[in-house]
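Worksheet: the structure to be examined is printed underneath.
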Amino acid sequence: MAEHPELPPRRLVDSRRTPVGGTPPPPRNPRRHGATLGQQVVAVRQARRLTSGVDPDLVFKIRATRTRLSEDMLTARGISPLGETADYTYFVLTHDEGAQLTQALTSYAAQGADRLGAKGPAATLFDRIDAIEPYGPEDRRGPGIDDALESPTHSVVDVSVWPSDDHEEARRRAEIVTAVVQAAQGQVMTSSVSQRRTVLRVRVGTTGLVDLLNTSVVERVRTPPMPYVDPSDWRHVEADDLTVTNISGAAVGVLDDAPATGHPLLKGLIASVSEVGPDGHAWEPQGHHGTQVVGRVLFPWLHDELRDHTALTAVGQVHVARVLEPVPGDGIATQFAGGDEGEPPYLVIERAIRSLHEEHGVRVFNLSFGLREPFEASHVGELTEVLDDLARELDIVIVLPTGNAPVYNNAEMQGGQHADRDYPSYLREAEHRLTEPGLAALALTVGSIAHSDAPEERMPPRIADKAIAEVGHLSPFSRTGPGVGTNRARVNKPDLVHEGGNWVLTDMNQVVREDPGVGVVSTALDASGRLFRAGCGTSFAAPAVARCAADVLHAYPEASANLVRALLGASAVEPAGAAAHQDLIERRRLYGAGRPDGIGATTSGASAVTMTFDGDLAVDTVAIHPLPIPEPFASGKSHSRRIRVALAFDPPVRRQRREYLAGTMQMDLYRAIDIEELAELVAKQDPDDPTPPISDRRRVKDLGPGVDSVRSSTLQVRSWAPKLLKVDDGDNYYLVVTHRTQTWSRTDDAAVRQRYALAATLEDRGRVGLDLYALVTQQVRVPARVRLRT
């Protein structure tokens, strides 16, 4: 692996432009659409008869990506809703092999034969449906089942049954599963039957597994879940049992509760601790939070190392400013020093950041706290604005959590949804929107994903206890975007995600917020001498990203905060849960750009090379950056080829303004054009004309998300995955970076230049023998012809 090369020189052009909006989808033709859906249902019914004989129950997947369907729409057609996914795919059950559904579709299609624009209940439903597919064995196949099907011996699996309308129906469905298992000479080991959740743990052979995967009442079959880090791997470990290897790294400033400086694993790693609060304040005894956050910064691979029983690796040091303390009488909650009687938080935080920056040279800060309520105001608060001002003035990276959504008795979320049954749909609701200061435009705002979906093992086993989120999916408590802005299509927050834990729902319909099987393990403050503790929250996702930011700064000490953010964004990989969302806008509002890859953010190699630029430009101008495209990279068909570009900049902000950012930036990618011609076209562009200077294929329109969606973001990550490229399009593409000031900032004589950074990655991990690093470094040694035009 090697350091990232720099992008070739750029060209500046005095111009700017704005993007064009999209067009709505065309209306459906009822005759054609109804016939298509009807054929899909008939095909499913025929296939079902071939595999299941006389079983009248049939489960369909109904995709309705245009809009949400109501339960009344479905039940009116003899369809029982079972559940829905993030991208509006509905799982439904029919008890008549779909006969009533087929009849309704036939009527809908016939109505469309007489006139375009059919009306009535059927039209209301079917106009919104994109496709109807079977819910089959592949859908029911969960983790571990592929191996179980290959096993010559019987396997133990957990069989989840679809939720029921009442207990009698739940019992009937459980009896169907029992009959299938017994018919295959299997054994029901234990079961838990309820209206909402029915699970049977069974021992079956391959034949029994295949039968279960073809049983309609079965939602999913999987091997019993195992925690990523079993609590037995850390609960009773002593310091003498562990070896710690220290490696150098940039220091991270942590603003939190005081950590346990006497913890045997933290000795020598906490470089300083200061208390920042009201003069003469009598601090509460320290709680767990600060020690856990510090551990997440210092031990980035702790989970793997505990699980594999290998030496622990500590990276760098931390400087801690104590700004939080436990709420008196509350074992978990924290407050700013002095609570309601203390000074305004933004004054405390500003003083703490300036102190650590001036006295210790800290440039990466982690603030694992946020307000309780989702953002609903017209303008951000003082704390959010102060953090953005500090990020720009001091050129520092500030990492914040999105905040945690609350859950109440009987697993009820703030908006009234059920924590498990309505997951993940409530992630999009206003009550789940991120909290301040997570809206800070120049900070890295981090959401949480689950790294484990296995509750801690208990005796006797409670098989109906379940983790709410699957591995790699958004934690149920993780708040979501968008951030502040005026564009409804914006995707400006969160920026990234990292592991922060999960919730567990018990068979008593209660949520366990800190189950050790799904929690994030970190260092603990424990009177009993225990070294580790498991916790859940975005507070523990943010410090993992702060560690990544510090690693980038350690590798590139002269890098600006913009370049650190751009490299983290360019390195991010979408987790498994993002794939469940077909809509890219929806995906970014939940997962941001993804989970940052510390190695990819700091090094380039044969299969992926990242080029960087770190500088500035005059406001209201355009910069053109040549992007080398080696011929071997462009040649041939490849399903793993990708171009990813990240732009980060740090404009001034004003919270009282409608447009919070003093300026916006956007980037476009062009090909098959000479740089002289491109510069001439951009220079002629009318600043008030929203039409792009080039509208044909030379402008890469598939670079997503679109410019409309990312314009409100100071960290824009866009990608393109072309299976085919034309070598004749040239050995250089061109990144055109445009800056445009808001009206309110044009009277500021000091705002004449805007700092920004770019990280552009060429990647193809599927082709052996392709050395992108060597190809790109060889190409950029030949300087491009560059002129400046003011």
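As shown in the structure tokens, the chain order sets the letters A, B, ...; within each chain, residues go from 1, and ligands are also counted from 1 in the order they appear.
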- Message: Show me, as a ChimeraX atom specification, the residues that have an atom within 12 Å of Met667 of chain A when counting only C-alpha atoms, minus same-chain residues fewer than 6 positions from it.
- Response: /A:16-19,622-625,644-649,692,699-701,703-708,710-711,713-719,734-740,756-760
- Message: Quick one: residues within 9 Å of Ala311 of chain A, only C-alpha atoms, excluding same-chain residues fewer than 6 positions away - as a PyMOL selection string?
- Response: chain A and resi 242-245+305
Preceding selection exported with C-alpha atoms as a CSV table (one decimal), in the first residue's frame:
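Saved as out.csv:
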chain,number,residue,atom,x,y,z
A,242,LEU,CA,-4.2,-9.3,28.6
A,243,THR,CA,-1.3,-7.9,26.5
A,244,VAL,CA,-1.5,-4.4,25.1
A,245,THR,CA,0.5,-3.2,22.1
A,305,GLU,CA,-9.2,-9.0,19.7
- Query: Which of these residues is nearest to Thr747 of chain A, using only C-alpha atoms: A:Ala662, A:Leu567, A:Asp515, A:Thr761?
  - Reply: A:Ala662
Give me the residues within 9 Å of Gly205 of chain A as a short mmCIF file (atom, residue, chain, number, x, y, z; two decimals) with N, CA and C atoms, in the first residue's frame, counting only C-alpha atoms and dropping any in the same chain fewer than 3 places off.
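result.cif, written as the output of this step:
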data_model
loop_
_atom_site.label_atom_id
_atom_site.label_comp_id
_atom_site.auth_asym_id
_atom_site.auth_seq_id
_atom_site.Cartn_x
_atom_site.Cartn_y
_atom_site.Cartn_z
N ALA A 148 -26.10 -25.37 6.77
CA ALA A 148 -26.95 -26.42 7.32
C ALA A 148 -27.48 -27.34 6.23
N LEU A 149 -27.79 -26.77 5.07
CA LEU A 149 -28.29 -27.59 3.96
C LEU A 149 -27.22 -28.54 3.42
N SER A 151 -24.98 -29.93 5.48
CA SER A 151 -24.53 -30.78 6.59
C SER A 151 -25.10 -32.19 6.47
N PRO A 152 -24.27 -33.21 6.70
CA PRO A 152 -24.77 -34.60 6.64
C PRO A 152 -25.56 -34.99 7.89
N THR A 153 -25.49 -34.17 8.94
CA THR A 153 -26.20 -34.47 10.18
C THR A 153 -27.33 -33.48 10.38
N HIS A 154 -28.16 -33.76 11.39
CA HIS A 154 -29.25 -32.84 11.72
C HIS A 154 -28.69 -31.51 12.24
N SER A 155 -29.41 -30.44 11.98
CA SER A 155 -29.01 -29.11 12.42
C SER A 155 -30.07 -28.52 13.33
N VAL A 156 -29.63 -27.68 14.27
CA VAL A 156 -30.54 -26.93 15.12
C VAL A 156 -30.77 -25.57 14.50
N ALA A 184 -40.75 -34.83 8.95
CA ALA A 184 -39.39 -35.02 8.45
C ALA A 184 -38.51 -35.70 9.50
N GLN A 185 -39.15 -36.33 10.50
CA GLN A 185 -38.42 -37.04 11.55
C GLN A 185 -37.53 -36.09 12.37
N GLY A 186 -37.99 -34.85 12.50
CA GLY A 186 -37.25 -33.88 13.29
C GLY A 186 -37.81 -33.75 14.69
N GLY A 208 -36.05 -31.85 6.16
CA GLY A 208 -36.88 -31.00 7.00
C GLY A 208 -36.62 -29.52 6.76
N LEU A 209 -35.36 -29.17 6.54
CA LEU A 209 -35.03 -27.77 6.25
C LEU A 209 -35.69 -27.31 4.96
N VAL A 210 -35.60 -28.13 3.93
CA VAL A 210 -36.22 -27.77 2.65
C VAL A 210 -37.73 -27.60 2.82
#
- Message: From a backbone DSSP assignment, name each residue in segment 550-762 of chain A labelled helix (DSSP H, G or I), as number ranges by chain.
- Response: A: 550-555, 561-571, 576-580, 584-591, 598-602, 631-634, 675-684, 707-710, 727-729, 743-745
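When only C-alpha atoms are used to measure the gap to Pro482 of chain A, the shortest distance among A:Ser712, A:Thr506, A:Gln182, A:Thr741 belongs to A:Ser712.
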- Item | Those in segment 616-676 of chain A with strand (DSSP E or B) from DSSP, as a list of chain:residue names |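 Residues meeting the strand (DSSP E or B) criterion: A:Asp616, A:Leu617, A:Ala618, A:Val622, A:Ala623, A:Ile624, A:His625, A:Pro626, A:Leu627, A:Pro628, A:Arg641, A:Arg642, A:Ile643, A:Arg644, A:Val645, A:Ala646, A:Leu647, A:Ala648, A:Phe649, A:Val653, A:Leu661, A:Gly663, A:Thr664, A:Met665, A:Gln666, A:Met667, A:Asp668, A:Leu669, A:Tyr670.
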- Message: Residues within 7 Å of segment 285-299 of chain A, please, as JSON, numbers by chain. Count only C-alpha atoms; anything in the same chain fewer than 4 positions from it doesn't count.
- Response: {"A": [256, 257, 258, 259, 260, 313, 314, 315, 316, 317, 325, 326, 522, 523, 524, 525, 540, 543, 544, 546, 547]}
- Message: Show me, as a PyMOL selection string, the residues that have an atom within 8 Å of Tyr773 of chain A when counting only C-alpha atoms, minus same-chain residues fewer than 3 positions from it.
- Response: chain A and resi 604-609+776-777
Next, the residues of the selection above should be written as a PDB file, in the first residue's frame with N, CA, C and O atoms.
ATOM      1  N   SER A 604      -3.412   3.929  -0.812  1.00  0.00           N
ATOM      2  CA  SER A 604      -3.878   3.465  -2.116  1.00  0.00           C
ATOM      3  C   SER A 604      -3.157   2.176  -2.469  1.00  0.00           C
ATOM      4  O   SER A 604      -2.089   1.873  -1.922  1.00  0.00           O
ATOM      5  N   GLY A 605      -3.738   1.417  -3.378  1.00  0.00           N
ATOM      6  CA  GLY A 605      -3.130   0.155  -3.772  1.00  0.00           C
ATOM      7  C   GLY A 605      -3.484  -0.214  -5.192  1.00  0.00           C
ATOM      8  O   GLY A 605      -3.978   0.612  -5.970  1.00  0.00           O
ATOM      9  N   ALA A 606      -3.275  -1.475  -5.544  1.00  0.00           N
ATOM     10  CA  ALA A 606      -3.467  -1.926  -6.917  1.00  0.00           C
ATOM     11  C   ALA A 606      -4.930  -1.885  -7.337  1.00  0.00           C
ATOM     12  O   ALA A 606      -5.250  -1.538  -8.475  1.00  0.00           O
ATOM     13  N   SER A 607      -5.865  -2.223  -6.429  1.00  0.00           N
ATOM     14  CA  SER A 607      -7.275  -2.319  -6.804  1.00  0.00           C
ATOM     15  C   SER A 607      -8.055  -1.040  -6.548  1.00  0.00           C
ATOM     16  O   SER A 607      -9.196  -0.916  -7.001  1.00  0.00           O
ATOM     17  N   ALA A 608      -7.479  -0.100  -5.828  1.00  0.00           N
ATOM     18  CA  ALA A 608      -8.159   1.174  -5.562  1.00  0.00           C
ATOM     19  C   ALA A 608      -7.115   2.249  -5.327  1.00  0.00           C
ATOM     20  O   ALA A 608      -6.235   2.101  -4.477  1.00  0.00           O
ATOM     21  N   VAL A 609      -7.208   3.332  -6.076  1.00  0.00           N
ATOM     22  CA  VAL A 609      -6.283   4.444  -5.911  1.00  0.00           C
ATOM     23  C   VAL A 609      -7.094   5.717  -5.719  1.00  0.00           C
ATOM     24  O   VAL A 609      -8.069   5.960  -6.429  1.00  0.00           O
ATOM     25  N   VAL A 776      -1.957   5.137 -12.443  1.00  0.00           N
ATOM     26  CA  VAL A 776      -2.313   6.535 -12.193  1.00  0.00           C
ATOM     27  C   VAL A 776      -1.075   7.369 -11.896  1.00  0.00           C
ATOM     28  O   VAL A 776      -0.911   8.477 -12.431  1.00  0.00           O
ATOM     29  N   THR A 777      -0.179   6.868 -11.048  1.00  0.00           N
ATOM     30  CA  THR A 777       1.013   7.646 -10.720  1.00  0.00           C
ATOM     31  C   THR A 777       1.884   7.877 -11.950  1.00  0.00           C
ATOM     32  O   THR A 777       2.516   8.928 -12.093  1.00  0.00           O
TER      33      THR A 777
END
- Please identify all polymer residues within 9 Å of Arg753 of chain A, counting only C-alpha atoms, omitting same-chain residues fewer than 3 positions from it, and present them as a list in words. Asp616, Leu617, Ala618, Val619, Asp620 and Ala750 of chain A
- Message: Neighbouring residues of Arg235 of chain A were defined as those with any atom within 10 Å, considering only C-alpha atoms; residues of the same chain fewer than 6 positions away were excluded. Please report them as a count of residues only.
- Response: 7
- Message: Which residue is closest to Asn404 of chain A? Choose from A:Glu376, A:Glu436, A:Asp702, A:Asp748 and count only C-alpha atoms.
- Response: A:Glu436
